[in-house]
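**Student:** Below is a structure I'd like to ask you about.
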Amino acid sequence: MSTMSSVGGGRSTNNRGGGGRGRGGRGRGRGGRRSGEKSSTPSKRYEGGRGNKSRSNTPQHSGSNSSNPSGTRRRAATAPSTKKDGELGAASHTVSEEYRIQLTQVLLNLRETDNQDSITMPPDLTNTQRKFVHELSRQLGLKSKSYGKGEDRRVVISKILVGAGGTNSMMGSMSNDQNGRRNDNDLPLAEDYKNVPKIVVGKSGEDALKRHLNLFPPTSLEQAESRETGSSMLLKDDNMVQGNGTINDVLLTSQESLSHERISHKGRPKEKMTNEKIQQQRIYNHRIAQDEMKANPQYKQMMQQRKKLPAFAYAPDICNIVRNKKNRVIILTGDTGCGKSTQVPQFLLDDPEIGPTCNIIVTQPRRISAISVAERVAQERCESAGKSVGFSVRLESSMSKKTQLLFVTPGVLMKKLHPDSGEDTTGGERNRLGTTNFIIMDEIHERDKNTEFLMIALQDLIEERDDLQLILMSATMPTRDLAEYWRGVGTRTNNDNCNSSSPADDEWGDEGLMPIEINIPGRTYPVQEFFLEDVLMMTGFVDDNKDAPDMLQIDADLMSLLGATNQSSITATPASMPSLIDSTLKCVMCNKSGFSSAEELGSHIAVCCGSGGESMADLEDRIRGTSNFDSYVSVPEVEDIAAGGGGDDLFDIMENELEDYDEIDDEVLVRKWDGESPFVTDAGPSGKLTLTEEESLLRYQTMYDDDEVNYDLLLELVRYIDKSSYGDGAILVFFSGWREISEFALLLETTPPFNDRTEYNVHLLHSGIPSKDQRKVFVKPSHGVRKIVLSTKTSVTIEDVAFVIDTGRAKEKSYDPHLKTSTLQDSWISQASAKQRRGRAGRCKAGVCFHLFSRRRHGIMRAFIESELLRTPLEELCLQTKRLNLASGGPDDPDGIPAFLGKAMSPPHSKSIANALELLVNLGAMDEETNELTDLGVCLSALSLEPRVGKMLIMSHLIGCTREAACMAVAMSSKSPFTIPPPSLRKASDTAKVKLSEGSESDQITFLKVIHKRDAVAKRGMSALTSFCRQHYLNASSLNQISNLRSHVSRELENLGFPPCSKQGYHNRNGDSLAFLQASICAGLYPNVAWRRKGDVNFSTITRQKAKTHLSSVNAVKSQPLSTKCQVAEDEVELVVFGELVKGKMMFTMDNTTHLVSPLPLLLLCGQLHVRPITFAATETSKETTQSLLSVDEWLVFICDPNIASALVVLRNRINAAFKSITSDPSTFADLPAKEKDAVDTLSTVLQSGHHQCLRQRERKR
């Protein structure tokens, strides 16, 4: 039993800052305490257990329904809750923020601990806390279940064990009646296995298997293995002994042989120039290019534009630092818009000392950025891209022998790191990037995985190359951490290279080891910044929702203060006091009086901005510093009123003051923000909350879940902005995803005055929207028309934006190494992202930014976004590490892959690396002991595809559908060609998608059908293609990119020795038959397979997760079979293959799904196939019979006739041998041995026959 210290249960405080008073809960819930009981102590014992036996599922929580009938007013936000933590029916967000943070850390520690499987929560949790525990456990992939009753009720949280094997993980589990009714020596009954699905191959399939085995009879070894896996180890067969007496291991294992030099290179390499000749040619080309640039008539105009950029003034300083070869690593930071991306490379190129011999590579994180920056730099140099300035990205390049400045993506630079990339010089050396002497890595603050990978590799390369210099450029990267990471790089072997003039020397005290840092200021305009508490005060959003107990408390407090300060002078009875105050209460902040009650005065004070010349902050300080309430509420003496003195004057004064107040209020309403002076509001961006702001914020966070976007508050804020400023300033609202954008867009469409198209233009900006519609957001509207942009793109710059509304949320995709799944969830953005969003309002003019989160929340946000190495699977990087010879050791060696990736600035989780290596080993791409690449691994590392997708493409050569598999592969690796329609057109879009699928029940095959139709329509011209895309809700640019990628992937396969994808031949013999397309998809994407039985709604995966098809899938459309309950027979299962399992907030979803008709592709092409005989006992109606159990990785279990099972096992082994042959030497694909060639032909017949037989059986049973 382990003990963990954390926050305890009990009635938690409603103060989300953790500093307020707690309140006792009302009523008594299940397992809670009675009202009035004390809260538990802050520290509680969590009882940890090993191997908890609970197997119940976490309670299901349904999300909000986002549907809405067309034409009705939509209230997207939920009704505010007035229930507190501990009250029956209170929402989980009412649990204190402190408790939520601490419990989250406890459960995260449980996931990381290897020697603990469960913890038990304290028994004194409130109902609300217990609800939050269940919800959080589900989000983190843990199981939670409550046990006991009353005061002894506890919540046990345990891990979900992930992995294959065991009865509970088997798809074909036996009947529950088997255990306990006979002893272990009795034979099982066939009835016990009635739910295990049966394998059928059809008449044609059986005939093909018999023909193949008659033509190529199995050896005794193959016969033994085909009856029961592992039985061949007991044999001493002549076939196992070779001529020299050694054992033929190929017959005993399916492990692929290793080879270090497998890829043949066509032709002899061209003789390369020596370094001296290269330098001479480069100097000559540089002189010619400089002369042509300066002679161009546009040169002076371009120089004038360049000089306006802030970076231009730093050219001498930058060049001076670069000239000093001791400065191996230079860190350059500059705000967005300072010109560092376009100017710094040109500074080096134009410098008379650096430029003539320089060869510069600049990385940009995206291909579009690399192309656009290269073209801009070329334009500034009065030339076209491809001369001295060029680019090289995926699918496109523009460069020549004269190119000295090359813009690339990080992925292209990774390929250039290979010793055989063509960058090495003569003399027999295999020098990485041998002709490059400057590398500039731009936008490193984005921390994409390839950039992080390059930073690891370049550290070692700089140590090897004394002529290589690195410049790291960023906008918001923390330079302290970056400088520490690069400390001493390039000086570790020669202390003489220390630069004592480094400005970082004094700070770090380690002379000469820190890289030089340069900062370039930006060119932005001032932006006012407001947070949630300011927004609440501006809009008065929570004022109308005050609950009665709070107002009664305010009334009582005011009465007590009045009684205490005027006790000596007030002689009226308590009953007459209210009537006395009714006519005399006065607010000194604005001099308003005439309040009907103390409650009304309290309501006014809570929102009063003070037009009496005193600020809220000063007033609060004065209230806290004195006890004389008469200073703030003016109450005349009772004697004066009784004597009739002062009464008329009092009411005259009140009337005059009310008139003055009304005039001031009207003046404020008329005055609007002009876009230059400070924004019109009395709520200032103070770091210290006033009492009123604190109370408003607390009330809001009690009524609403601040983890969700409040559309009603957002609407009120847009209305407030619209009334407070002129209509020529656009409003840019940042959301986390398409659902949030469409929700608010629909709300605007149904809410006056924003539904008036003549006064308001509402634009949506999302990656799923066609580019033509995206470009509309940059068009400035007519005078007097307000533009409202709803966007998920943080990096967008729109010139006329004056107001930014930041919801503070973003959909972030990450990787959960414990669940081996990707997660896509709404989360709080980083402080750097908040700064970037704020800056969208200050790029071209002064602006205002409203953050819909509190200053307190902003203070605890992470400073920067995490590295992509922490948020993505690592299979591709592991392959590249081996391909580039950067880690030659095994998994536990100091020079292995885990050690190499562990040198990253932010090292990935050890489980993430282990999961990647495990997947590559299971794919057959890597040796388990040494991590050396197999033949398949070498092929996969040369393809620009995810490893599983790459295997699908290579396997398609045997299946006979390579042309079609190439289309599906590139579509799976690209952005979806389908656009996201507005809610009103969602049904029409789904109908078009189903029509395009042609009944395939597959996203991958739907992509294939779309590409085929696109190719046919494109022949009729661009207008026909545009019309086709519009009718079917397709993105033309995405389709064109997919079409171009086919040629790119085909060239990569040809370089390996495979035949061209589009060429007719044996690898394309089976065309686009569904049986073969499904088989190729299955062969690559396994183990991404899920199943369900009759009556089930959700699918089960190998990781024991329940999942549904993603809403974007064609199989999620209501008319499709997979969108409803499973309708197959009792002895069948419904199988689906998927591209990725994504964990949402409350549910797992599968994207890129394919309905697998027959399980034969699983048995013949996937995982490890095991077979064992099973004998069923005789009954009164049947004799004793023997069947075979076939299992894939001891997870997917099927029952089969012994003869058919034996033939399938033999065929499977021969298919494996053929696959090994084509991966070891792709050029021999057309010359397979006769036995393997016939096995491949037999595979085609069996797959086709089994597919059709399953379809026929399913139709008959329906």
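FYI, nothing fancy with the structure tokens labels: chains A, B, ... in order, residues from 1 per chain, ligands from 1 as they appear.
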Mind checking DSSP for stretch 1159-1252 of chain A and telling me the alpha helix (DSSP H) residues as a ChimeraX atom specification?
**Tutor:** /A:1160-1165,1202-1224,1234-1252
**Student:** For the residues selected in the previous step, produce a file with C-alpha atoms as a JSON list (two decimals), in the first residue's frame.
**Tutor:**
```json
[["chain", "number", "residue", "atom", "x", "y", "z"],
["A", 1160, "LEU", "CA", -8.45, -13.02, -44.70],
["A", 1161, "PRO", "CA", -6.10, -10.01, -45.22],
["A", 1162, "LEU", "CA", -5.47, -10.05, -41.46],
["A", 1163, "LEU", "CA", -4.49, -13.73, -41.52],
["A", 1164, "LEU", "CA", -2.36, -13.63, -44.65],
["A", 1165, "LEU", "CA", -0.66, -10.23, -44.46],
["A", 1202, "PRO", "CA", -8.04, -27.80, -40.28],
["A", 1203, "ASN", "CA", -7.21, -28.41, -43.94],
["A", 1204, "ILE", "CA", -7.99, -24.86, -44.97],
["A", 1205, "ALA", "CA", -6.15, -23.48, -41.96],
["A", 1206, "SER", "CA", -3.08, -25.57, -42.81],
["A", 1207, "ALA", "CA", -3.12, -24.38, -46.42],
["A", 1208, "LEU", "CA", -3.49, -20.73, -45.32],
["A", 1209, "VAL", "CA", -0.48, -21.02, -42.98],
["A", 1210, "VAL", "CA", 1.69, -22.48, -45.76],
["A", 1211, "LEU", "CA", 0.54, -19.76, -48.16],
["A", 1212, "ARG", "CA", 1.23, -17.09, -45.54],
["A", 1213, "ASN", "CA", 4.86, -18.24, -45.08],
["A", 1214, "ARG", "CA", 5.49, -18.26, -48.83],
["A", 1215, "ILE", "CA", 4.01, -14.77, -49.18],
["A", 1216, "ASN", "CA", 6.42, -13.64, -46.45],
["A", 1217, "ALA", "CA", 9.31, -15.11, -48.46],
["A", 1218, "ALA", "CA", 8.18, -13.27, -51.59],
["A", 1219, "PHE", "CA", 7.89, -10.01, -49.67],
["A", 1220, "LYS", "CA", 11.43, -10.45, -48.34],
["A", 1221, "SER", "CA", 12.66, -11.01, -51.87],
["A", 1222, "ILE", "CA", 11.23, -7.78, -53.29],
["A", 1223, "THR", "CA", 12.42, -5.65, -50.33],
["A", 1224, "SER", "CA", 15.96, -7.05, -50.40],
["A", 1234, "ALA", "CA", 8.31, -20.09, -59.32],
["A", 1235, "LYS", "CA", 6.97, -21.18, -55.93],
["A", 1236, "GLU", "CA", 6.79, -17.63, -54.63],
["A", 1237, "LYS", "CA", 5.29, -16.34, -57.89],
["A", 1238, "ASP", "CA", 2.55, -18.97, -57.77],
["A", 1239, "ALA", "CA", 1.92, -18.17, -54.09],
["A", 1240, "VAL", "CA", 1.34, -14.54, -55.03],
["A", 1241, "ASP", "CA", -1.12, -15.56, -57.76],
["A", 1242, "THR", "CA", -2.90, -17.86, -55.30],
["A", 1243, "LEU", "CA", -3.13, -14.98, -52.82],
["A", 1244, "SER", "CA", -5.08, -12.93, -55.35],
["A", 1245, "THR", "CA", -7.60, -15.71, -55.94],
["A", 1246, "VAL", "CA", -8.07, -16.42, -52.22],
["A", 1247, "LEU", "CA", -8.58, -12.75, -51.32],
["A", 1248, "GLN", "CA", -11.13, -12.24, -54.09],
["A", 1249, "SER", "CA", -13.02, -15.45, -53.33],
["A", 1250, "GLY", "CA", -13.13, -14.84, -49.58],
["A", 1251, "HIS", "CA", -14.36, -11.29, -50.08],
["A", 1252, "HIS", "CA", -17.25, -12.35, -52.31]]
```
**Student:** So that each row is one residue of stretch 782-850 of chain A with an atom at most 6 Å from stretch 754-768 of chain A, can you give its shortest atom pair and the distance in Å to one decimal, using only C-alpha atoms, rows by chain and rising number, as JSON lines?
**Tutor:**
```
{"residue": "A:Val785", "atom": "CA", "partner": "A:Glu759", "partner_atom": "CA", "distance": 4.6}
{"residue": "A:Arg786", "atom": "CA", "partner": "A:Tyr760", "partner_atom": "CA", "distance": 4.8}
{"residue": "A:Lys787", "atom": "CA", "partner": "A:Asn761", "partner_atom": "CA", "distance": 4.7}
{"residue": "A:Ile788", "atom": "CA", "partner": "A:Val762", "partner_atom": "CA", "distance": 4.8}
{"residue": "A:Val789", "atom": "CA", "partner": "A:His763", "partner_atom": "CA", "distance": 4.8}
{"residue": "A:Leu790", "atom": "CA", "partner": "A:Leu764", "partner_atom": "CA", "distance": 4.9}
{"residue": "A:Ser791", "atom": "CA", "partner": "A:Leu765", "partner_atom": "CA", "distance": 4.5}
{"residue": "A:Thr792", "atom": "CA", "partner": "A:His766", "partner_atom": "CA", "distance": 5.9}
```
**Student:** Which residue out of A:Arg465, A:Val200, A:Lys300, A:Gln404 has the minimum interatomic distance to A:His286 when only C-alpha atoms are used?
**Tutor:**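 Using only C-alpha atoms, the shortest distance to A:His286 belongs to A:Gln404.
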**Student:** Nearest to A:Val1171 among A:Arg227, A:Lys145, A:Glu112, A:Arg1092, with distances taken over only C-alpha atoms: which residue is it?
**Tutor:**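 Comparing A:Arg227, A:Lys145, A:Glu112, A:Arg1092 against A:Val1171, the winner is A:Arg227.
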**Student:** For a test of reading the model, state the distance in Å between atom CA of A:Arg1014 and atom CA of A:Phe1028, rounded to one decimal.
**Tutor:**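 Between atom CA of A:Arg1014 and atom CA of A:Phe1028 the gap works out to 8.0 Å.
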**Student:** To one decimal place, how far is atom CA of A:Gly411 from atom CA of A:Asn450 in Å?
**Tutor:**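 Taking atom CA of A:Gly411 and atom CA of A:Asn450, their separation equals 6.2 Å.
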**Student:** Between A:Ser782, A:Ser118, A:Gln301, A:Ser944, which residue has the minimum interatomic distance to A:Glu1052, considering only C-alpha atoms?
**Tutor:**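 The closest residue to A:Glu1052 is A:Ser944.
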**Student:** Using only C-alpha atoms for the distances, tell me which of A:Asn437, A:Ala370, A:Thr479, A:Gly737 is nearest to A:Thr409.
**Tutor:**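 Selected residue with least distance to A:Thr409: A:Ala370.
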